[in-house]
$ cat model-v3.pdb   # PDB, C-alpha atoms, pLDDT in the B column
ATOM      1  CA  MET A   1     -29.674  -4.004  69.924  1.00 92.00           C
ATOM      2  CA  SER A   2     -32.084  -5.312  72.500  1.00 94.00           C
ATOM      3  CA  THR A   3     -34.523  -3.660  74.837  1.00 97.00           C
ATOM      4  CA  VAL A   4     -33.992  -4.688  78.446  1.00 98.00           C
ATOM      5  CA  LYS A   5     -36.789  -4.032  80.922  1.00 98.00           C
ATOM      6  CA  LEU A   6     -35.926  -4.016  84.612  1.00 98.00           C
ATOM      7  CA  THR A   7     -37.215  -2.731  87.880  1.00 98.00           C
ATOM      8  CA  VAL A   8     -34.264  -0.892  89.426  1.00 98.00           C
ATOM      9  CA  ASN A   9     -34.546   0.334  92.991  1.00 98.00           C
ATOM     10  CA  GLY A  10     -38.324   0.076  92.717  1.00 97.00           C
ATOM     11  CA  LYS A  11     -38.671   1.951  89.414  1.00 98.00           C
ATOM     12  CA  ALA A  12     -39.489   0.386  86.048  1.00 98.00           C
ATOM     13  CA  VAL A  13     -36.847   1.136  83.419  1.00 98.00           C
ATOM     14  CA  SER A  14     -36.364   0.187  79.791  1.00 98.00           C
ATOM     15  CA  VAL A  15     -32.949   0.449  78.137  1.00 97.00           C
ATOM     16  CA  ASP A  16     -31.853  -0.231  74.570  1.00 97.00           C
ATOM     17  CA  VAL A  17     -28.418  -1.852  74.655  1.00 97.00           C
ATOM     18  CA  GLU A  18     -26.111  -3.968  72.554  1.00 97.00           C
ATOM     19  CA  ASP A  19     -26.512  -7.665  73.293  1.00 96.00           C
ATOM     20  CA  ARG A  20     -23.013  -7.854  74.796  1.00 97.00           C
ATOM     21  CA  THR A  21     -23.663  -5.095  77.374  1.00 97.00           C
ATOM     22  CA  LEU A  22     -23.046  -6.122  80.962  1.00 97.00           C
ATOM     23  CA  LEU A  23     -25.538  -5.329  83.718  1.00 98.00           C
ATOM     24  CA  VAL A  24     -22.937  -3.224  85.549  1.00 98.00           C
ATOM     25  CA  HIS A  25     -22.625  -0.966  82.499  1.00 97.00           C
ATOM     26  CA  VAL A  26     -26.394  -0.567  82.189  1.00 98.00           C
ATOM     27  CA  LEU A  27     -26.511   0.523  85.826  1.00 98.00           C
ATOM     28  CA  ARG A  28     -23.542   2.887  85.625  1.00 98.00           C
ATOM     29  CA  ASP A  29     -23.614   4.207  82.070  1.00 97.00           C
ATOM     30  CA  HIS A  30     -27.303   4.150  81.158  1.00 97.00           C
ATOM     31  CA  LEU A  31     -28.984   4.699  84.545  1.00 98.00           C
ATOM     32  CA  ASN A  32     -26.233   6.793  86.204  1.00 98.00           C
ATOM     33  CA  LEU A  33     -26.201   4.541  89.294  1.00 98.00           C
ATOM     34  CA  THR A  34     -22.471   4.844  89.892  1.00 97.00           C
ATOM     35  CA  GLY A  35     -22.406   3.331  93.379  1.00 96.00           C
ATOM     36  CA  THR A  36     -21.980  -0.051  91.705  1.00 97.00           C
ATOM     37  CA  HIS A  37     -18.271  -0.169  90.889  1.00 96.00           C
ATOM     38  CA  VAL A  38     -16.195  -1.992  88.303  1.00 94.00           C
ATOM     39  CA  GLY A  39     -13.069  -3.143  90.073  1.00 88.00           C
ATOM     40  CA  CYS A  40     -11.559  -6.022  88.161  1.00 87.00           C
ATOM     41  CA  ASP A  41     -13.725  -7.069  85.173  1.00 77.00           C
ATOM     42  CA  THR A  42     -13.102 -10.697  86.141  1.00 85.00           C
ATOM     43  CA  SER A  43     -15.631 -11.238  88.993  1.00 86.00           C
ATOM     44  CA  GLN A  44     -12.795 -11.514  91.514  1.00 92.00           C
ATOM     45  CA  CYS A  45     -13.302  -8.371  93.623  1.00 94.00           C
ATOM     46  CA  GLY A  46     -17.036  -8.044  94.347  1.00 95.00           C
ATOM     47  CA  ALA A  47     -17.170  -4.253  93.891  1.00 95.00           C
ATOM     48  CA  CYS A  48     -20.035  -4.734  91.419  1.00 97.00           C
ATOM     49  CA  VAL A  49     -22.406  -6.722  93.671  1.00 98.00           C
ATOM     50  CA  VAL A  50     -26.094  -5.847  93.397  1.00 98.00           C
ATOM     51  CA  HIS A  51     -29.231  -7.753  94.330  1.00 98.00           C
ATOM     52  CA  MET A  52     -31.211  -9.327  91.534  1.00 98.00           C
ATOM     53  CA  ASP A  53     -34.577 -10.696  92.548  1.00 98.00           C
ATOM     54  CA  GLY A  54     -33.381 -10.560  96.153  1.00 96.00           C
ATOM     55  CA  LYS A  55     -30.066 -12.379  95.717  1.00 97.00           C
ATOM     56  CA  ALA A  56     -26.530 -11.010  95.511  1.00 97.00           C
ATOM     57  CA  VAL A  57     -24.994 -11.203  92.039  1.00 97.00           C
ATOM     58  CA  LYS A  58     -21.821  -9.837  90.503  1.00 97.00           C
ATOM     59  CA  SER A  59     -23.163  -7.500  87.859  1.00 97.00           C
ATOM     60  CA  CYS A  60     -19.882  -7.530  85.905  1.00 96.00           C
ATOM     61  CA  THR A  61     -20.451 -11.182  84.987  1.00 95.00           C
ATOM     62  CA  MET A  62     -24.060 -10.868  83.868  1.00 96.00           C
ATOM     63  CA  LEU A  63     -25.277  -9.700  80.515  1.00 97.00           C
ATOM     64  CA  ALA A  64     -28.020  -7.107  80.757  1.00 97.00           C
ATOM     65  CA  GLY A  65     -30.259  -9.383  78.685  1.00 97.00           C
ATOM     66  CA  GLN A  66     -29.958 -12.082  81.345  1.00 97.00           C
ATOM     67  CA  ALA A  67     -31.484  -9.666  83.844  1.00 97.00           C
ATOM     68  CA  ASP A  68     -34.425  -8.755  81.577  1.00 98.00           C
ATOM     69  CA  GLY A  69     -37.643  -8.765  83.619  1.00 98.00           C
ATOM     70  CA  SER A  70     -35.796  -8.854  86.932  1.00 98.00           C
ATOM     71  CA  SER A  71     -35.857  -6.586  89.931  1.00 98.00           C
ATOM     72  CA  VAL A  72     -32.432  -5.094  90.672  1.00 98.00           C
ATOM     73  CA  THR A  73     -31.448  -3.265  93.838  1.00 98.00           C
ATOM     74  CA  THR A  74     -28.251  -1.236  93.958  1.00 98.00           C
ATOM     75  CA  ILE A  75     -26.530   0.486  96.867  1.00 98.00           C
ATOM     76  CA  GLU A  76     -28.538   3.609  95.977  1.00 98.00           C
ATOM     77  CA  GLY A  77     -31.786   1.734  96.627  1.00 98.00           C
ATOM     78  CA  ILE A  78     -31.304   0.310 100.117  1.00 98.00           C
ATOM     79  CA  ALA A  79     -31.713   3.394 102.323  1.00 97.00           C
ATOM     80  CA  LYS A  80     -35.166   4.680 103.226  1.00 95.00           C
ATOM     81  CA  GLY A  81     -34.890   8.360 102.400  1.00 94.00           C
ATOM     82  CA  ASP A  82     -32.311   9.855 104.748  1.00 95.00           C
ATOM     83  CA  GLU A  83     -32.365   6.756 106.983  1.00 96.00           C
ATOM     84  CA  LEU A  84     -29.464   4.445 106.243  1.00 97.00           C
ATOM     85  CA  HIS A  85     -30.037   0.728 105.864  1.00 97.00           C
ATOM     86  CA  PRO A  86     -28.912  -1.027 109.084  1.00 97.00           C
ATOM     87  CA  MET A  87     -25.904  -2.469 107.214  1.00 97.00           C
ATOM     88  CA  GLN A  88     -24.840   0.983 106.018  1.00 98.00           C
ATOM     89  CA  ALA A  89     -25.204   2.358 109.546  1.00 98.00           C
ATOM     90  CA  ALA A  90     -23.199  -0.526 110.997  1.00 98.00           C
ATOM     91  CA  PHE A  91     -20.386   0.002 108.475  1.00 97.00           C
ATOM     92  CA  ARG A  92     -20.302   3.683 109.442  1.00 97.00           C
ATOM     93  CA  ASP A  93     -20.463   3.029 113.188  1.00 97.00           C
ATOM     94  CA  ASN A  94     -17.841   0.262 113.142  1.00 97.00           C
ATOM     95  CA  HIS A  95     -15.435   2.012 110.757  1.00 95.00           C
ATOM     96  CA  GLY A  96     -15.919  -0.784 108.217  1.00 93.00           C
ATOM     97  CA  LEU A  97     -14.580   1.272 105.332  1.00 90.00           C
ATOM     98  CA  GLN A  98     -11.558   3.267 104.367  1.00 89.00           C
ATOM     99  CA  CYS A  99     -11.331   4.440 100.759  1.00 91.00           C
ATOM    100  CA  GLY A 100     -14.909   3.261 100.125  1.00 91.00           C
ATOM    101  CA  TYR A 101     -14.351   1.693  96.721  1.00 93.00           C
ATOM    102  CA  CYS A 102     -15.293  -1.830  97.793  1.00 94.00           C
ATOM    103  CA  THR A 103     -17.913  -0.666 100.290  1.00 96.00           C
ATOM    104  CA  PRO A 104     -21.052  -0.732  98.090  1.00 97.00           C
ATOM    105  CA  GLY A 105     -20.387  -4.288  96.911  1.00 97.00           C
ATOM    106  CA  MET A 106     -19.325  -5.345 100.399  1.00 97.00           C
ATOM    107  CA  ILE A 107     -22.557  -3.945 101.881  1.00 98.00           C
ATOM    108  CA  MET A 108     -24.732  -5.587  99.231  1.00 98.00           C
ATOM    109  CA  SER A 109     -22.998  -8.945  99.799  1.00 98.00           C
ATOM    110  CA  ALA A 110     -23.284  -8.579 103.565  1.00 97.00           C
ATOM    111  CA  ILE A 111     -27.024  -7.852 103.395  1.00 97.00           C
ATOM    112  CA  ASP A 112     -27.469 -11.027 101.353  1.00 97.00           C
ATOM    113  CA  ILE A 113     -25.438 -13.031 103.880  1.00 96.00           C
ATOM    114  CA  VAL A 114     -27.532 -11.817 106.811  1.00 95.00           C
ATOM    115  CA  GLN A 115     -30.830 -12.320 104.975  1.00 94.00           C
ATOM    116  CA  ARG A 116     -29.910 -15.872 104.001  1.00 93.00           C
ATOM    117  CA  HIS A 117     -28.936 -16.710 107.561  1.00 91.00           C
ATOM    118  CA  HIS A 118     -32.161 -15.186 108.920  1.00 81.00           C
ATOM    119  CA  SER A 119     -34.192 -17.271 106.465  1.00 77.00           C
ATOM    120  CA  GLN A 120     -32.323 -20.459 107.388  1.00 71.00           C
ATOM    121  CA  GLY A 121     -33.778 -20.284 110.878  1.00 62.00           C
ATOM    122  CA  SER A 122     -30.512 -19.445 112.619  1.00 53.00           C
ATOM    123  CA  GLY A 123     -32.039 -16.153 113.757  1.00 52.00           C
ATOM    124  CA  GLY A 124     -29.218 -14.201 112.184  1.00 49.00           C
ATOM    125  CA  GLN A 125     -26.664 -15.696 114.545  1.00 70.00           C
ATOM    126  CA  LEU A 126     -23.545 -15.353 112.490  1.00 88.00           C
ATOM    127  CA  ASP A 127     -20.046 -15.868 113.755  1.00 93.00           C
ATOM    128  CA  GLU A 128     -16.817 -14.272 112.620  1.00 95.00           C
ATOM    129  CA  ALA A 129     -15.617 -17.360 110.753  1.00 95.00           C
ATOM    130  CA  THR A 130     -18.842 -17.617 108.738  1.00 95.00           C
ATOM    131  CA  VAL A 131     -18.790 -13.928 107.798  1.00 96.00           C
ATOM    132  CA  ARG A 132     -15.146 -14.123 106.740  1.00 95.00           C
ATOM    133  CA  GLN A 133     -15.788 -17.225 104.641  1.00 95.00           C
ATOM    134  CA  GLU A 134     -18.864 -15.757 102.952  1.00 95.00           C
ATOM    135  CA  LEU A 135     -17.100 -12.464 102.150  1.00 95.00           C
ATOM    136  CA  GLU A 136     -14.264 -14.247 100.324  1.00 93.00           C
ATOM    137  CA  GLY A 137     -15.650 -13.004  96.991  1.00 92.00           C
ATOM    138  CA  ASN A 138     -15.245  -9.378  98.053  1.00 94.00           C
ATOM    139  CA  ILE A 139     -11.798  -7.837  98.158  1.00 93.00           C
ATOM    140  CA  CYS A 140     -10.820  -4.805 100.199  1.00 91.00           C
ATOM    141  CA  ARG A 141      -7.320  -3.548  99.551  1.00 89.00           C
ATOM    142  CA  CYS A 142      -7.351  -1.036 102.437  1.00 88.00           C
ATOM    143  CA  THR A 143      -8.384  -2.945 105.567  1.00 80.00           C
ATOM    144  CA  GLY A 144      -7.619  -6.151 107.362  1.00 80.00           C
ATOM    145  CA  TYR A 145     -11.370  -6.955 107.273  1.00 92.00           C
ATOM    146  CA  HIS A 146     -11.633  -6.838 111.080  1.00 94.00           C
ATOM    147  CA  ASN A 147     -13.954  -3.823 111.155  1.00 96.00           C
ATOM    148  CA  ILE A 148     -15.899  -5.070 108.145  1.00 96.00           C
ATOM    149  CA  VAL A 149     -16.641  -8.343 109.937  1.00 97.00           C
ATOM    150  CA  LYS A 150     -17.514  -6.395 113.087  1.00 97.00           C
ATOM    151  CA  ALA A 151     -19.923  -4.261 111.055  1.00 97.00           C
ATOM    152  CA  VAL A 152     -21.633  -7.279 109.476  1.00 96.00           C
ATOM    153  CA  LEU A 153     -22.108  -8.940 112.856  1.00 96.00           C
ATOM    154  CA  ASP A 154     -23.464  -5.695 114.323  1.00 96.00           C
ATOM    155  CA  ALA A 155     -25.824  -5.234 111.375  1.00 96.00           C
ATOM    156  CA  ALA A 156     -27.121  -8.800 111.692  1.00 94.00           C
ATOM    157  CA  GLY A 157     -28.475  -7.849 115.105  1.00 92.00           C
ATOM    158  CA  ARG A 158     -29.853  -4.539 113.835  1.00 91.00           C
ATOM    159  CA  MET A 159     -31.564  -6.215 110.884  1.00 91.00           C
ATOM    160  CA  LYS A 160     -33.129  -8.821 113.172  1.00 81.00           C
ATOM    161  CA  VAL A 161     -34.519  -6.046 115.383  1.00 69.00           C
ATOM    162  CA  ALA A 162     -35.769  -4.092 112.342  1.00 67.00           C
ATOM    163  CA  GLN A 163     -37.420  -7.208 110.936  1.00 65.00           C
ATOM    164  CA  ALA A 164     -39.134  -7.913 114.261  1.00 63.00           C
ATOM    165  CA  ALA A 165     -40.468  -4.341 114.365  1.00 62.00           C
ATOM    166  CA  GLU A 166     -42.103  -4.644 110.923  1.00 61.00           C
TER     167      GLU A 166
END
$ encode --input "model-v3.pdb" --output "structure tokens"
Amino acid sequence: MSTVKLTVNGKAVSVDVEDRTLLVHVLRDHLNLTGTHVGCDTSQCGACVVHMDGKAVKSCTMLAGQADGSSVTTIEGIAKGDELHPMQAAFRDNHGLQCGYCTPGMIMSAIDIVQRHHSQGSGGQLDEATVRQELEGNICRCTGYHNIVKAVLDAAGRMKVAQAAE
């Protein structure tokens, strides 16, 4: 057994887990943050994506011990109270989800994509081809990805405006 200390969605937590415990299971089973999904157990689907120290990671491929001391943000931690994150609002407004199983991981990946492109000096100017290529690690079995891509492009503009307002 090991003690893993994390900051999850802004709150310090300490969890005693077996050394082989995956981060996704700490989040779901120990912290009851069930928005992070386990879809494939092979890192193929992206349903388990969270942000660790500001970067998207597949939590089903990471041992909890590897995350010790890190800051983790899950889908439950991105809204500000009742105000949805711009990516969540864009997914809702553009019908970027159907069953919703892949949606948390898709949203977390998409936020990372937009943030990386903002930081690269492109001003968040993403195109459809770039979004499709960068979302290759996230599988949706319900949609043809058209509305998901539309949502990410819409959110890129919203996030740029929100960032400028801060």
$ closest_residue --input "model-v3.pdb" --among "A:Asp154, A:Asp29, A:Ser119, A:Asp127" --to "Gln88 of chain A" --atoms "only C-alpha atoms"
A:Asp154
$ closest_residue --input "model-v3.pdb" --among "A:Leu153, A:Leu6, A:Cys142, A:Ile78" --to "Ala90 of chain A" --atoms "only C-alpha atoms"
A:Leu153
$ residues_around --input "model-v3.pdb" --residues "Ser2 of chain A" --least-positions-apart "2" --cutoff "12 Å" --atoms "all atoms listed in the file" --output "list in words"
Val4, Lys5, Ser14, Val15, Asp16, Val17, Glu18, Asp19, Arg20, Thr21, Leu63, Ala64, Gly65, Gln66 and Asp68 of chain A
$ closest_residue --input "model-v3.pdb" --among "A:Lys160, A:His118, A:Arg28, A:Lys150" --to "Arg92 of chain A" --atoms "all atoms listed in the file"
A:Lys150
$ resolve_selection --input "model-v3.pdb" --expression "the PyMOL selection byres ((chain A and resi 155) around 12)" --output "PyMOL selection string"
chain A and resi 84-94+96+107+110-115+124-126+131+147-154+156-163
$ residues_near_point --input "model-v3.pdb" --point "(-19.6, 0.7, 98.2)" --cutoff "8 Å" --atoms "only C-alpha atoms" --output "VMD selection string"
chain A and resid 35 to 37 47 75 100 to 107
$ residues_near_point --input "model-v3.pdb" --point "(-20.0, -8.5, 85.8)" --cutoff "12 Å" --atoms "only C-alpha atoms" --output "PyMOL selection string"
chain A and resi 20-28+36-50+56-64+66-67+105
$ closest_residue --input "model-v3.pdb" --among "A:Leu33, A:Ala129, A:Val72, A:Cys140" --to "Ala12 of chain A" --atoms "all atoms listed in the file"
A:Val72
$ atom_distance --input "model-v3.pdb" --atom1 "atom CA of Ala79 of chain A" --atom2 "atom CA of Arg132 of chain A"
24.5 Å
$ closest_residue --input "model-v3.pdb" --among "A:His51, A:Val13, A:Val8, A:Tyr145" --to "Gln98 of chain A" --atoms "only C-alpha atoms"
A:Tyr145
$ atom_distance --input "model-v3.pdb" --atom1 "atom CA of Cys99 of chain A" --atom2 "atom CA of His146 of chain A"
15.3 Å
$ closest_residue --input "model-v3.pdb" --among "A:Thr143, A:Asp82, A:Thr7, A:Leu31" --to "Leu97 of chain A" --atoms "all atoms listed in the file"
A:Thr143
